[in-house]
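Novice: Could you have a look at this structure, given as structure tokens, before my questions?
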Amino acid sequence: MSVIIGIDPHKRSATIEIIDSDAKILATARYGTDTAGYSEMLVAAQRFPQRVWAIEGCNGVGRHVAHRLVADGETVIDVPAKLSAQVRVFATGNGRKTDPVDAHSVALAALRSPNLRRVEADPELVALGLLVDRRDELGRARTELLNRIHRLLLELVPGGAKRFLSAMQARALAETVEPGDAAARVRLRLVNELIDDLEVVDRKTKAADKELKQLVLARGSTLMDLNGIGPCGAARLLADTDNVHRFVSRDRFASWNGTAPLDASSGQQQRHRLSRAGNRKINHVLHTMAVVQLRHPTAGRGYYDSKKAAGKTSMEAMRALKRRLSNVVYQRMLADQRRPGPTAIQSNGELPTAS
């Protein structure tokens, strides 16, 4: 008998519910995620030879359980949190949330949604995802350090420092300061310490970009040939997309990354609005790509200007451009996976006429 094992994962525990094809509950239990608890959970599931594990949040808190199961040869599917939340409301009649209820809603969502993504833990892509997450953390740390440096320099230098400030420029500016009292001396010392931290972060960022570039090229990807995509953006696209063939069309890919507009028409009024759904990290990569192309005389800039000339607002034209660039990225990723080896392709990275 084929069963679905719904899991509500946490860091140190996992609540499971096993249902059959008729949604009949066969078992419910709670296990630890340590070695002993995980082994007990596997033994309990092995009573059902034909089984599928459904886990909520395989890219978040459920990732550690999902990857352990995949490594042990189990079939695991990823259930989006929004989907299980909708099922929970319909199944219980309210929004009451407990671990057993969550496991039940995850199992039901998997039973009634046959097209959910199967988790495939590619070690290289997992490593790429970890490294790009670290690169993002370095970027946030740099921004925080710069904000603190700016705040202190404003109290030491009349008018403060310029907006875009490098560590070298900040140190040169600090050297011109002659503190007149104890407070100014402490501020200057803190500025110098923060500049030291900034230089460390800059070195780590440069090394991270170099490593990401090598890994992206090693996978045979030509995403960095596209205008506006660097090593960090290419690594994010590869790590989060996983297998681009799981999207049957470029429209599905755009819906997943949040660039497909939502229909908000009513009566005779036909309009679309911005989608806040989808993978926001991939959406950010496409937004950065669009901004870079707008700064240069590219086909993307021409497409944006044509939308403005047609009466679109700046925001509407930007949304249209991001949707267009989503098609470009999708086509490039498909072409990269069809290519037999990591051979480089020369391209200006602009909008193809076929899109």
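By convention here, the chains of the structure tokens are called A, B, ... in the order presented, each chain's residues are numbered starting at 1, and ligands are numbered starting at 1 in the order presented.
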Among stretch 203-251 of chain A, which residues carry a DSSP assignment of alpha helix (DSSP H), reported as a VMD selection string?
Specialist: chain A and resid 203 to 218 231 to 241 250 to 251
Novice: For the selection just defined, write its residues with C-alpha atoms to a file, as a CSV table (one decimal), in the first residue's frame.
Specialist:
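New file result.csv:
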chain,number,residue,atom,x,y,z
A,203,ARG,CA,38.9,40.6,1.6
A,204,LYS,CA,36.5,37.8,2.4
A,205,THR,CA,34.0,39.2,-0.1
A,206,LYS,CA,36.6,39.3,-2.8
A,207,ALA,CA,37.6,35.7,-2.1
A,208,ALA,CA,34.0,34.5,-2.0
A,209,ASP,CA,33.3,36.1,-5.4
A,210,LYS,CA,36.4,34.4,-6.9
A,211,GLU,CA,35.3,31.0,-5.5
A,212,LEU,CA,31.7,31.4,-6.7
A,213,LYS,CA,32.9,32.3,-10.2
A,214,GLN,CA,35.1,29.2,-10.4
A,215,LEU,CA,32.3,27.0,-9.2
A,216,VAL,CA,29.7,28.5,-11.6
A,217,LEU,CA,32.1,28.0,-14.5
A,218,ALA,CA,32.9,24.5,-13.4
A,231,PRO,CA,29.1,35.3,-9.8
A,232,CYS,CA,26.8,35.8,-6.8
A,233,GLY,CA,23.7,36.1,-9.0
A,234,ALA,CA,24.6,33.1,-11.2
A,235,ALA,CA,25.3,31.0,-8.1
A,236,ARG,CA,22.0,32.0,-6.6
A,237,LEU,CA,20.1,31.0,-9.8
A,238,LEU,CA,21.8,27.7,-10.0
A,239,ALA,CA,21.5,26.8,-6.3
A,240,ASP,CA,17.8,27.8,-5.9
A,241,THR,CA,16.6,26.6,-9.3
A,250,ARG,CA,9.1,30.0,-19.0
A,251,ASP,CA,5.7,31.1,-17.7
Novice: Excluding A:Val76 and residues on its chain fewer than 4 positions from it, collect all residues at most 9 Å away from it, counting only C-alpha atoms, and give them as number ranges by chain.
Specialist: A: 52-55, 66-67, 69-70, 117-120
Novice: Those residues you just picked out, can you put them in a file as a compact mmCIF listing (two decimals), in the first residue's frame with N, CA and C atoms?
Specialist:
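The file below, selection-v9.txt, is the result:
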# COMPACT_ATOMS: atom_id res chain seq x y z
N VAL A 52 6.24 7.77 0.45
CA VAL A 52 6.76 9.05 0.00
C VAL A 52 6.75 9.99 1.20
N TRP A 53 7.85 10.67 1.41
CA TRP A 53 7.95 11.62 2.51
C TRP A 53 7.59 13.02 1.99
N ALA A 54 6.72 13.70 2.70
CA ALA A 54 6.33 15.06 2.35
C ALA A 54 6.77 15.97 3.50
N ILE A 55 7.63 16.94 3.18
CA ILE A 55 8.22 17.78 4.23
C ILE A 55 7.94 19.25 3.90
N ALA A 66 15.23 16.59 5.23
CA ALA A 66 15.01 16.18 3.84
C ALA A 66 16.28 15.62 3.21
N HIS A 67 17.41 16.28 3.42
CA HIS A 67 18.65 15.82 2.80
C HIS A 67 19.14 14.51 3.42
N LEU A 69 17.15 12.15 4.51
CA LEU A 69 16.30 11.11 3.93
C LEU A 69 16.70 10.82 2.48
N VAL A 70 16.98 11.86 1.71
CA VAL A 70 17.40 11.65 0.32
C VAL A 70 18.70 10.86 0.27
N ARG A 117 7.44 19.49 -6.10
CA ARG A 117 8.84 19.24 -6.47
C ARG A 117 9.44 18.13 -5.63
N ARG A 118 10.12 17.22 -6.32
CA ARG A 118 10.87 16.18 -5.63
C ARG A 118 12.24 16.73 -5.23
N VAL A 119 12.63 16.47 -4.01
CA VAL A 119 13.90 16.96 -3.49
C VAL A 119 15.03 16.08 -4.01
N GLU A 120 16.02 16.72 -4.63
CA GLU A 120 17.20 16.02 -5.12
C GLU A 120 18.42 16.75 -4.57
Novice: Mind checking which residues fall within 9 Å of A:Gly62, counting only C-alpha atoms, ignoring those fewer than 6 positions away in the same chain, and posting them as a list in words?
Specialist: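 Contacts, with the query itself left out: Ile7, Asp8, Pro9, His10, Lys11, Ile55 and Glu56 of chain A.
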Novice: Quick one: distance from atom CA of A:Val79 to atom CA of A:Ala110 in Å, one decimal?
Specialist: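 Going from atom CA of A:Val79 over to atom CA of A:Ala110, I get 6.6 Å.
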Novice: Please provide the set of residues having any atom within 12 Å of A:Ser105, restricted to only C-alpha atoms, with same-chain residues fewer than 3 positions apart removed, written as a ChimeraX atom specification.
Specialist: /A:4-8,15-19,23,25,54-56,79-92,95-102,108-113
Novice: Which one of A:Ser306, A:Thr259, A:Thr288, A:Gln331 sits closest to A:Arg319 if you count only C-alpha atoms?
Specialist: A:Thr259
Novice: Pick the closest to A:Leu194 from A:Lys281, A:Arg142, A:Arg47, A:His64: which is it, counting only C-alpha atoms?
Specialist: A:Arg142
Novice: Would you mind listing what lies within 12 Å of stretch 158-168 of chain A as a count of residues only, with only C-alpha atoms counted and same-chain residues fewer than 2 positions away left out?
Specialist: 35
Novice: Near A:Gly278, counting only C-alpha atoms, which residues have an atom at most 6 Å away, once you skip same-chain residues fewer than 3 positions from it, shown as a list in words?
Specialist: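 Counting only C-alpha atoms, the residues come to Trp256, Asn257 and Gly258 of chain A.
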Novice: As a PyMOL selection string, please: every residue in stretch 222-338 of chain A that DSSP puts in strand (DSSP E).
Specialist: chain A and resi 262-263+272-273
Novice: Tell me, as a count of residues only, which residues lie within 12 Å of A:Arg338, counting only C-alpha atoms; anything in the same chain fewer than 5 positions away does not count.
Specialist: 9
Novice: Could you state the separation of atom CA of A:Ser39 and atom CA of A:Arg63 in Å, given to one decimal place?
Specialist: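 Those two atoms sit 17.2 Å apart.
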Novice: Report, in Å with one decimal, the straight-line distance from atom CA of A:Ala299 to atom CA of A:Leu223.
Specialist: 17.0 Å
